[in-house]
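Below: model-v6.txt (compact mmCIF, N, CA and C atoms)
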```txt
# COMPACT_ATOMS: atom_id res chain seq x y z
N MET U 1 -7.77 33.66 22.46
CA MET U 1 -8.41 32.61 23.22
C MET U 1 -7.53 31.34 23.25
N LEU U 2 -6.89 31.00 22.11
CA LEU U 2 -6.05 29.82 22.09
C LEU U 2 -4.80 29.97 22.95
N GLY U 3 -4.44 31.19 23.30
CA GLY U 3 -3.25 31.42 24.11
C GLY U 3 -3.50 31.26 25.60
N GLN U 4 -4.75 31.10 26.00
CA GLN U 4 -5.03 30.95 27.42
C GLN U 4 -4.49 29.60 27.91
N GLU U 5 -4.03 29.63 29.15
CA GLU U 5 -3.37 28.44 29.70
C GLU U 5 -4.32 27.25 29.79
N ILE U 6 -5.56 27.47 30.16
CA ILE U 6 -6.50 26.36 30.32
C ILE U 6 -6.83 25.72 28.97
N VAL U 7 -6.89 26.54 27.92
CA VAL U 7 -7.17 26.00 26.58
C VAL U 7 -5.97 25.19 26.09
N LEU U 8 -4.78 25.69 26.31
CA LEU U 8 -3.58 24.96 25.89
C LEU U 8 -3.45 23.63 26.65
N LYS U 9 -3.79 23.65 27.93
CA LYS U 9 -3.74 22.41 28.71
C LYS U 9 -4.78 21.41 28.20
N ALA U 10 -5.97 21.89 27.87
CA ALA U 10 -7.01 21.00 27.34
C ALA U 10 -6.61 20.43 25.99
N LEU U 11 -6.00 21.24 25.14
CA LEU U 11 -5.52 20.74 23.84
C LEU U 11 -4.43 19.70 24.02
N TRP U 12 -3.51 19.94 24.95
CA TRP U 12 -2.45 18.97 25.21
C TRP U 12 -3.03 17.66 25.74
N ASN U 13 -3.98 17.74 26.66
CA ASN U 13 -4.60 16.53 27.20
C ASN U 13 -5.30 15.74 26.10
N SER U 14 -6.02 16.43 25.22
CA SER U 14 -6.70 15.75 24.12
C SER U 14 -5.70 15.08 23.18
N PHE U 15 -4.62 15.78 22.88
CA PHE U 15 -3.60 15.22 22.00
C PHE U 15 -2.95 13.99 22.63
N ALA U 16 -2.61 14.08 23.91
CA ALA U 16 -1.95 12.96 24.59
C ALA U 16 -2.86 11.74 24.66
N ILE U 17 -4.11 11.93 25.03
CA ILE U 17 -5.04 10.80 25.14
C ILE U 17 -5.29 10.19 23.77
N ALA U 18 -5.51 11.02 22.76
CA ALA U 18 -5.78 10.49 21.42
C ALA U 18 -4.58 9.72 20.88
N THR U 19 -3.38 10.22 21.11
CA THR U 19 -2.17 9.54 20.62
C THR U 19 -1.96 8.22 21.35
N LEU U 20 -2.04 8.23 22.66
CA LEU U 20 -1.85 6.99 23.43
C LEU U 20 -2.93 5.96 23.10
N ALA U 21 -4.17 6.39 23.00
CA ALA U 21 -5.25 5.45 22.68
C ALA U 21 -5.06 4.85 21.29
N THR U 22 -4.63 5.66 20.35
CA THR U 22 -4.41 5.16 18.99
C THR U 22 -3.27 4.15 18.94
N VAL U 23 -2.17 4.47 19.59
CA VAL U 23 -1.01 3.57 19.58
C VAL U 23 -1.34 2.25 20.27
N LEU U 24 -1.96 2.31 21.44
CA LEU U 24 -2.31 1.09 22.16
C LEU U 24 -3.35 0.27 21.40
N SER U 25 -4.35 0.93 20.84
CA SER U 25 -5.39 0.21 20.10
C SER U 25 -4.84 -0.41 18.82
N LEU U 26 -3.95 0.29 18.14
CA LEU U 26 -3.36 -0.27 16.92
C LEU U 26 -2.56 -1.53 17.22
N GLY U 27 -1.82 -1.51 18.32
CA GLY U 27 -1.05 -2.69 18.70
C GLY U 27 -1.94 -3.91 18.91
N VAL U 28 -3.05 -3.71 19.58
CA VAL U 28 -3.98 -4.82 19.84
C VAL U 28 -4.75 -5.19 18.58
N THR U 29 -5.19 -4.20 17.82
CA THR U 29 -6.04 -4.44 16.67
C THR U 29 -5.31 -5.13 15.53
N VAL U 30 -4.11 -4.69 15.22
CA VAL U 30 -3.35 -5.31 14.12
C VAL U 30 -3.02 -6.76 14.46
N THR U 31 -2.59 -6.99 15.68
CA THR U 31 -2.28 -8.35 16.11
C THR U 31 -3.51 -9.23 16.09
N SER U 32 -4.62 -8.70 16.55
CA SER U 32 -5.87 -9.44 16.58
C SER U 32 -6.36 -9.75 15.17
N GLY U 33 -6.32 -8.78 14.28
CA GLY U 33 -6.75 -9.01 12.91
C GLY U 33 -5.89 -10.04 12.20
N TYR U 34 -4.59 -10.00 12.45
CA TYR U 34 -3.68 -10.99 11.86
C TYR U 34 -4.00 -12.38 12.39
N MET U 35 -4.23 -12.49 13.69
CA MET U 35 -4.54 -13.79 14.27
C MET U 35 -5.85 -14.34 13.72
N LEU U 36 -6.87 -13.50 13.62
CA LEU U 36 -8.16 -13.96 13.10
C LEU U 36 -8.06 -14.38 11.64
N SER U 37 -7.17 -13.76 10.89
CA SER U 37 -7.04 -14.08 9.47
C SER U 37 -6.22 -15.34 9.22
N ARG U 38 -5.18 -15.56 9.99
CA ARG U 38 -4.23 -16.62 9.65
C ARG U 38 -4.35 -17.90 10.47
N PHE U 39 -4.83 -17.82 11.69
CA PHE U 39 -4.80 -18.98 12.56
C PHE U 39 -6.19 -19.59 12.72
N ARG U 40 -6.23 -20.89 12.91
CA ARG U 40 -7.47 -21.62 13.18
C ARG U 40 -7.30 -22.34 14.50
N GLY U 41 -8.39 -22.57 15.19
CA GLY U 41 -8.33 -23.30 16.44
C GLY U 41 -9.18 -22.65 17.51
N PRO U 42 -9.03 -23.11 18.75
CA PRO U 42 -9.92 -22.63 19.82
C PRO U 42 -9.64 -21.18 20.24
N ILE U 43 -8.39 -20.74 20.20
CA ILE U 43 -8.09 -19.38 20.67
C ILE U 43 -8.65 -18.33 19.72
N PRO U 44 -8.41 -18.43 18.40
CA PRO U 44 -9.04 -17.44 17.52
C PRO U 44 -10.57 -17.49 17.55
N THR U 45 -11.13 -18.69 17.71
CA THR U 45 -12.59 -18.81 17.80
C THR U 45 -13.11 -18.11 19.04
N ALA U 46 -12.46 -18.31 20.17
CA ALA U 46 -12.88 -17.64 21.41
C ALA U 46 -12.72 -16.13 21.29
N TRP U 47 -11.64 -15.69 20.65
CA TRP U 47 -11.41 -14.25 20.45
C TRP U 47 -12.50 -13.65 19.56
N PHE U 48 -12.87 -14.37 18.49
CA PHE U 48 -13.92 -13.91 17.61
C PHE U 48 -15.25 -13.81 18.36
N ARG U 49 -15.54 -14.77 19.21
CA ARG U 49 -16.78 -14.72 20.01
C ARG U 49 -16.77 -13.53 20.96
N ARG U 50 -15.62 -13.25 21.56
CA ARG U 50 -15.52 -12.08 22.45
C ARG U 50 -15.79 -10.80 21.68
N ILE U 51 -15.23 -10.69 20.49
CA ILE U 51 -15.46 -9.52 19.66
C ILE U 51 -16.93 -9.39 19.31
N TYR U 52 -17.55 -10.51 18.97
CA TYR U 52 -18.97 -10.50 18.61
C TYR U 52 -19.84 -10.04 19.78
N VAL U 53 -19.54 -10.52 20.98
CA VAL U 53 -20.30 -10.11 22.16
C VAL U 53 -20.12 -8.62 22.43
N PHE U 54 -18.89 -8.11 22.32
CA PHE U 54 -18.66 -6.68 22.52
C PHE U 54 -19.42 -5.85 21.50
N ARG U 55 -19.54 -6.34 20.27
CA ARG U 55 -20.25 -5.58 19.24
C ARG U 55 -21.76 -5.62 19.46
N CYS U 56 -22.27 -6.67 20.08
CA CYS U 56 -23.71 -6.78 20.29
C CYS U 56 -24.20 -5.88 21.42
N VAL U 57 -23.34 -5.55 22.35
CA VAL U 57 -23.72 -4.71 23.49
C VAL U 57 -23.47 -3.25 23.12
N PRO U 58 -24.48 -2.39 23.22
CA PRO U 58 -24.26 -0.97 22.89
C PRO U 58 -23.25 -0.33 23.85
N TYR U 59 -22.43 0.56 23.29
CA TYR U 59 -21.39 1.19 24.11
C TYR U 59 -21.97 2.02 25.25
N VAL U 60 -23.15 2.56 25.06
CA VAL U 60 -23.78 3.38 26.10
C VAL U 60 -24.03 2.56 27.37
N SER U 61 -24.30 1.27 27.20
CA SER U 61 -24.57 0.44 28.37
C SER U 61 -23.32 0.15 29.20
N TRP U 62 -22.14 0.48 28.68
CA TRP U 62 -20.89 0.28 29.42
C TRP U 62 -20.54 1.47 30.30
N VAL U 63 -21.21 2.59 30.13
CA VAL U 63 -20.81 3.83 30.81
C VAL U 63 -20.90 3.70 32.32
N LEU U 64 -22.03 3.29 32.84
CA LEU U 64 -22.20 3.22 34.29
C LEU U 64 -21.28 2.18 34.95
N PRO U 65 -21.19 0.96 34.42
CA PRO U 65 -20.23 0.01 35.02
C PRO U 65 -18.78 0.50 34.98
N LEU U 66 -18.38 1.14 33.87
CA LEU U 66 -17.02 1.66 33.79
C LEU U 66 -16.80 2.80 34.78
N TYR U 67 -17.81 3.58 35.02
CA TYR U 67 -17.71 4.64 36.03
C TYR U 67 -17.43 4.04 37.40
N PHE U 68 -18.20 3.02 37.78
CA PHE U 68 -18.01 2.40 39.09
C PHE U 68 -16.65 1.70 39.20
N VAL U 69 -16.22 1.06 38.13
CA VAL U 69 -14.93 0.37 38.15
C VAL U 69 -13.78 1.37 38.28
N THR U 70 -13.81 2.44 37.50
CA THR U 70 -12.72 3.42 37.59
C THR U 70 -12.72 4.14 38.94
N ARG U 71 -13.89 4.37 39.51
CA ARG U 71 -13.95 4.97 40.86
C ARG U 71 -13.36 4.02 41.90
N ALA U 72 -13.71 2.74 41.80
CA ALA U 72 -13.21 1.76 42.76
C ALA U 72 -11.70 1.56 42.63
N MET U 73 -11.17 1.66 41.41
CA MET U 73 -9.73 1.48 41.21
C MET U 73 -8.95 2.75 41.53
N GLY U 74 -9.63 3.86 41.72
CA GLY U 74 -8.95 5.11 42.02
C GLY U 74 -8.32 5.78 40.81
N ILE U 75 -8.78 5.43 39.61
CA ILE U 75 -8.22 6.03 38.40
C ILE U 75 -9.24 6.91 37.69
N PHE U 76 -10.32 7.25 38.34
CA PHE U 76 -11.30 8.14 37.74
C PHE U 76 -10.69 9.53 37.58
N ASP U 77 -10.94 10.15 36.45
CA ASP U 77 -10.45 11.49 36.14
C ASP U 77 -8.92 11.52 35.99
N THR U 78 -8.36 10.43 35.44
CA THR U 78 -6.94 10.38 35.12
C THR U 78 -6.79 9.89 33.68
N TYR U 79 -5.57 9.98 33.16
CA TYR U 79 -5.32 9.45 31.82
C TYR U 79 -5.65 7.96 31.74
N TRP U 80 -5.22 7.22 32.73
CA TRP U 80 -5.47 5.77 32.73
C TRP U 80 -6.95 5.46 32.83
N GLY U 81 -7.70 6.32 33.52
CA GLY U 81 -9.14 6.13 33.61
C GLY U 81 -9.83 6.27 32.26
N LEU U 82 -9.23 7.04 31.37
CA LEU U 82 -9.76 7.14 30.00
C LEU U 82 -9.23 6.04 29.09
N LEU U 83 -7.96 5.71 29.24
CA LEU U 83 -7.32 4.76 28.33
C LEU U 83 -7.73 3.31 28.58
N LEU U 84 -7.74 2.88 29.82
CA LEU U 84 -7.99 1.47 30.11
C LEU U 84 -9.37 0.99 29.64
N PRO U 85 -10.43 1.75 29.81
CA PRO U 85 -11.71 1.28 29.24
C PRO U 85 -11.76 1.38 27.71
N HIS U 86 -11.04 2.32 27.14
CA HIS U 86 -11.10 2.53 25.70
C HIS U 86 -10.38 1.43 24.92
N VAL U 87 -9.24 1.03 25.37
CA VAL U 87 -8.41 0.08 24.61
C VAL U 87 -9.08 -1.28 24.46
N PRO U 88 -9.72 -1.87 25.46
CA PRO U 88 -10.37 -3.16 25.21
C PRO U 88 -11.61 -3.08 24.32
N CYS U 89 -12.28 -1.93 24.28
CA CYS U 89 -13.51 -1.82 23.49
C CYS U 89 -13.24 -1.53 22.03
N THR U 90 -12.19 -0.83 21.72
CA THR U 90 -11.91 -0.44 20.34
C THR U 90 -11.61 -1.63 19.43
N PRO U 91 -10.80 -2.60 19.83
CA PRO U 91 -10.50 -3.70 18.91
C PRO U 91 -11.70 -4.56 18.54
N ALA U 92 -12.78 -4.44 19.28
CA ALA U 92 -13.95 -5.25 18.97
C ALA U 92 -14.43 -5.03 17.55
N PHE U 93 -14.40 -3.81 17.06
CA PHE U 93 -14.84 -3.54 15.69
C PHE U 93 -13.69 -3.57 14.70
N PHE U 94 -12.58 -2.97 15.04
CA PHE U 94 -11.50 -2.80 14.08
C PHE U 94 -10.72 -4.08 13.81
N SER U 95 -10.84 -5.08 14.67
CA SER U 95 -10.21 -6.38 14.37
C SER U 95 -10.85 -7.02 13.15
N TRP U 96 -12.16 -6.86 13.02
CA TRP U 96 -12.84 -7.37 11.83
C TRP U 96 -12.33 -6.67 10.58
N ILE U 97 -12.14 -5.37 10.67
CA ILE U 97 -11.65 -4.62 9.52
C ILE U 97 -10.24 -5.07 9.16
N MET U 98 -9.36 -5.20 10.15
CA MET U 98 -7.99 -5.64 9.87
C MET U 98 -7.96 -7.07 9.36
N LYS U 99 -8.87 -7.92 9.84
CA LYS U 99 -8.95 -9.28 9.32
C LYS U 99 -9.22 -9.26 7.82
N GLY U 100 -10.10 -8.38 7.38
CA GLY U 100 -10.37 -8.27 5.96
C GLY U 100 -9.16 -7.85 5.15
N PHE U 101 -8.36 -6.94 5.70
CA PHE U 101 -7.13 -6.53 5.01
C PHE U 101 -6.14 -7.69 4.92
N PHE U 102 -5.98 -8.42 6.03
CA PHE U 102 -5.02 -9.52 6.02
C PHE U 102 -5.51 -10.70 5.17
N ASP U 103 -6.84 -10.88 5.07
CA ASP U 103 -7.36 -11.93 4.20
C ASP U 103 -7.02 -11.67 2.74
N GLY U 104 -6.86 -10.40 2.38
CA GLY U 104 -6.54 -10.05 1.01
C GLY U 104 -5.08 -10.21 0.64
N ILE U 105 -4.25 -10.57 1.58
CA ILE U 105 -2.82 -10.75 1.33
C ILE U 105 -2.54 -12.25 1.18
N ASP U 106 -1.84 -12.59 0.13
CA ASP U 106 -1.53 -13.99 -0.14
C ASP U 106 -0.57 -14.53 0.92
N PRO U 107 -0.89 -15.68 1.54
CA PRO U 107 0.02 -16.26 2.55
C PRO U 107 1.37 -16.69 2.00
N SER U 108 1.52 -16.74 0.69
CA SER U 108 2.80 -17.18 0.13
C SER U 108 3.94 -16.21 0.50
N MET U 109 3.60 -14.94 0.77
CA MET U 109 4.64 -14.01 1.24
C MET U 109 5.24 -14.48 2.56
N GLU U 110 4.38 -14.96 3.44
CA GLU U 110 4.86 -15.45 4.74
C GLU U 110 5.66 -16.74 4.57
N TYR U 111 5.21 -17.61 3.68
CA TYR U 111 5.94 -18.85 3.44
C TYR U 111 7.33 -18.54 2.90
N ALA U 112 7.42 -17.57 2.00
CA ALA U 112 8.72 -17.18 1.46
C ALA U 112 9.61 -16.59 2.55
N ALA U 113 9.01 -15.83 3.47
CA ALA U 113 9.79 -15.25 4.56
C ALA U 113 10.29 -16.35 5.50
N MET U 114 9.50 -17.39 5.70
CA MET U 114 9.95 -18.50 6.54
C MET U 114 11.08 -19.27 5.88
N ILE U 115 11.03 -19.40 4.55
CA ILE U 115 12.13 -20.05 3.83
C ILE U 115 13.40 -19.22 3.95
N ASP U 116 13.24 -17.89 3.99
CA ASP U 116 14.39 -17.00 4.10
C ASP U 116 14.85 -16.83 5.54
N ALA U 117 14.53 -17.77 6.41
CA ALA U 117 15.04 -17.88 7.78
C ALA U 117 14.32 -17.01 8.80
N LEU U 118 13.18 -16.44 8.48
CA LEU U 118 12.40 -15.80 9.52
C LEU U 118 11.62 -16.88 10.27
N LEU U 119 11.53 -16.72 11.56
CA LEU U 119 10.78 -17.69 12.34
C LEU U 119 9.30 -17.56 12.03
N ALA U 120 8.53 -18.57 12.39
CA ALA U 120 7.09 -18.55 12.12
C ALA U 120 6.42 -17.35 12.77
N LEU U 121 6.85 -16.98 13.97
CA LEU U 121 6.25 -15.83 14.64
C LEU U 121 6.78 -14.51 14.11
N GLY U 122 7.92 -14.52 13.44
CA GLY U 122 8.48 -13.30 12.89
C GLY U 122 8.14 -13.09 11.43
N ALA U 123 7.53 -14.07 10.80
CA ALA U 123 7.21 -13.97 9.38
C ALA U 123 6.14 -12.93 9.12
N HIS U 124 5.33 -12.64 10.11
CA HIS U 124 4.28 -11.65 9.89
C HIS U 124 4.84 -10.24 9.72
N SER U 125 6.10 -10.03 10.08
CA SER U 125 6.69 -8.70 9.93
C SER U 125 6.84 -8.30 8.47
N CYS U 126 6.90 -9.26 7.55
CA CYS U 126 6.95 -8.91 6.13
C CYS U 126 5.56 -8.61 5.58
N VAL U 127 4.52 -8.97 6.32
CA VAL U 127 3.15 -8.76 5.86
C VAL U 127 2.56 -7.47 6.42
N LEU U 128 3.06 -7.00 7.55
CA LEU U 128 2.46 -5.84 8.21
C LEU U 128 2.40 -4.58 7.35
N PRO U 129 3.39 -4.28 6.52
CA PRO U 129 3.25 -3.08 5.69
C PRO U 129 2.22 -3.21 4.56
N CYS U 130 1.78 -4.41 4.26
CA CYS U 130 0.93 -4.64 3.08
C CYS U 130 -0.54 -4.25 3.24
N PRO U 131 -1.18 -4.42 4.40
CA PRO U 131 -2.62 -4.12 4.44
C PRO U 131 -2.89 -2.63 4.37
N ARG U 132 -3.36 -2.20 3.24
CA ARG U 132 -3.74 -0.79 3.08
C ARG U 132 -4.90 -0.76 2.10
N PRO U 133 -5.70 0.28 2.15
CA PRO U 133 -6.86 0.33 1.24
C PRO U 133 -6.42 0.38 -0.22
N SER U 134 -7.21 -0.21 -1.07
CA SER U 134 -6.89 -0.17 -2.50
C SER U 134 -7.23 1.20 -3.07
N ARG U 135 -6.62 1.52 -4.17
CA ARG U 135 -6.84 2.82 -4.80
C ARG U 135 -7.69 2.70 -6.06
N ASP U 136 -8.41 1.61 -6.19
CA ASP U 136 -9.24 1.41 -7.39
C ASP U 136 -10.51 2.21 -7.32
```
Rewrite the structure of this file - the entire thing - as structure tokens.
Amino acid sequence: MLGQEIVLKALWNSFAIATLATVLSLGVTVTSGYMLSRFRGPIPTAWFRRIYVFRCVPYVSWVLPLYFVTRAMGIFDTYWGLLLPHVPCTPAFFSWIMKGFFDGIDPSMEYAAMIDALLALGAHSCVLPCPRPSRD
């Protein structure tokens, strides 16, 4: 059964969509969590409010509007028709989780990286490998 062409095509489609959605969502989520953890001001506050609104609305209520939007854009039943609605909705929850990971990292690592000639926007590259679950 796994050797049938239609099953192999379905498995490939699932793998491609899952991989692309994960990579795109991670890019947005890690950046968003870092911003929510380290920066203060109107932009992080507005981003946090957007996340809160997305979390308050049940995902089921987005199905019909997303159907009409993807039909109108001509991307219904395509890879992009699956990816474009998924990527903006996923960071709504996982940005909070990443914020918690980044809150647990001491900012002195970034200050030391800035002293060692990394720019302020590049200093986060020394922090990105650090957020991982504890093993306690």
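Here CA of Ser125 in chain U is placed at a distance of 14.8 Å from CA of Ser37 in chain U.
Shortest separation to Ile97 in chain U among U:Tyr67, U:Trp62, U:Tyr34, U:Phe54 occurs at residue U:Tyr34, atoms counted being only C-alpha atoms.
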*Find the residues around range 20-28 of chain U up to 6.5 Å (all atoms listed in the file counted), leave out those fewer than 5 positions away in its own chain, and share them as a ChimeraX atom specification.*
/U:15,33,83,87,91
_Neighbour list for Leu36 in chain U as a PyMOL selection string, cut-off 9 Å, only C-alpha atoms, skip fewer than 2 positions in-chain_ = chain U and resi 31-34+38-40+44-45+47-48+95-96+98-99+102
*asked:* Between atom N of Ile51 in chain U and atom C of Leu66 in chain U, what is the distance in Å, rounded to a tenth?
replied: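 So the two atoms, atom N of Ile51 in chain U and atom C of Leu66 in chain U, lie 19.7 Å apart.
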Report the centre and edge lengths, in Å to one decimal, of an axis-aligned box enclosing every atom of range 111-114 of chain U listed in the file, padded by 3 Å on each side, as AutoDock Vina command-line options.
```
--center_x 8.1 --center_y -17.3 --center_z 4.0 --size_x 11.9 --size_y 10.0 --size_z 11.1
```
*Between CA of Pro85 in chain U and CA of Arg49 in chain U, what is the distance, to one decimal in Å?*
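For CA of Pro85 in chain U relative to CA of Arg49 in chain U, the distance reads 19.2 Å.
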*Check the DSSP output for the backbone and give back, as a PyMOL selection string, the residues of range 11-114 of chain U in alpha helix (DSSP H).*
chain U and resi 11-38+42-56+63-73+79-89+91-103+108-114
*Near range 107-111 of chain U, counting all atoms listed in the file, which residues have an atom at most 7 Å away, once you skip same-chain residues fewer than 2 positions from it, shown as an NGL selection string?*
:U and (104-105 or 113-116 or 123-124 or 126-127)
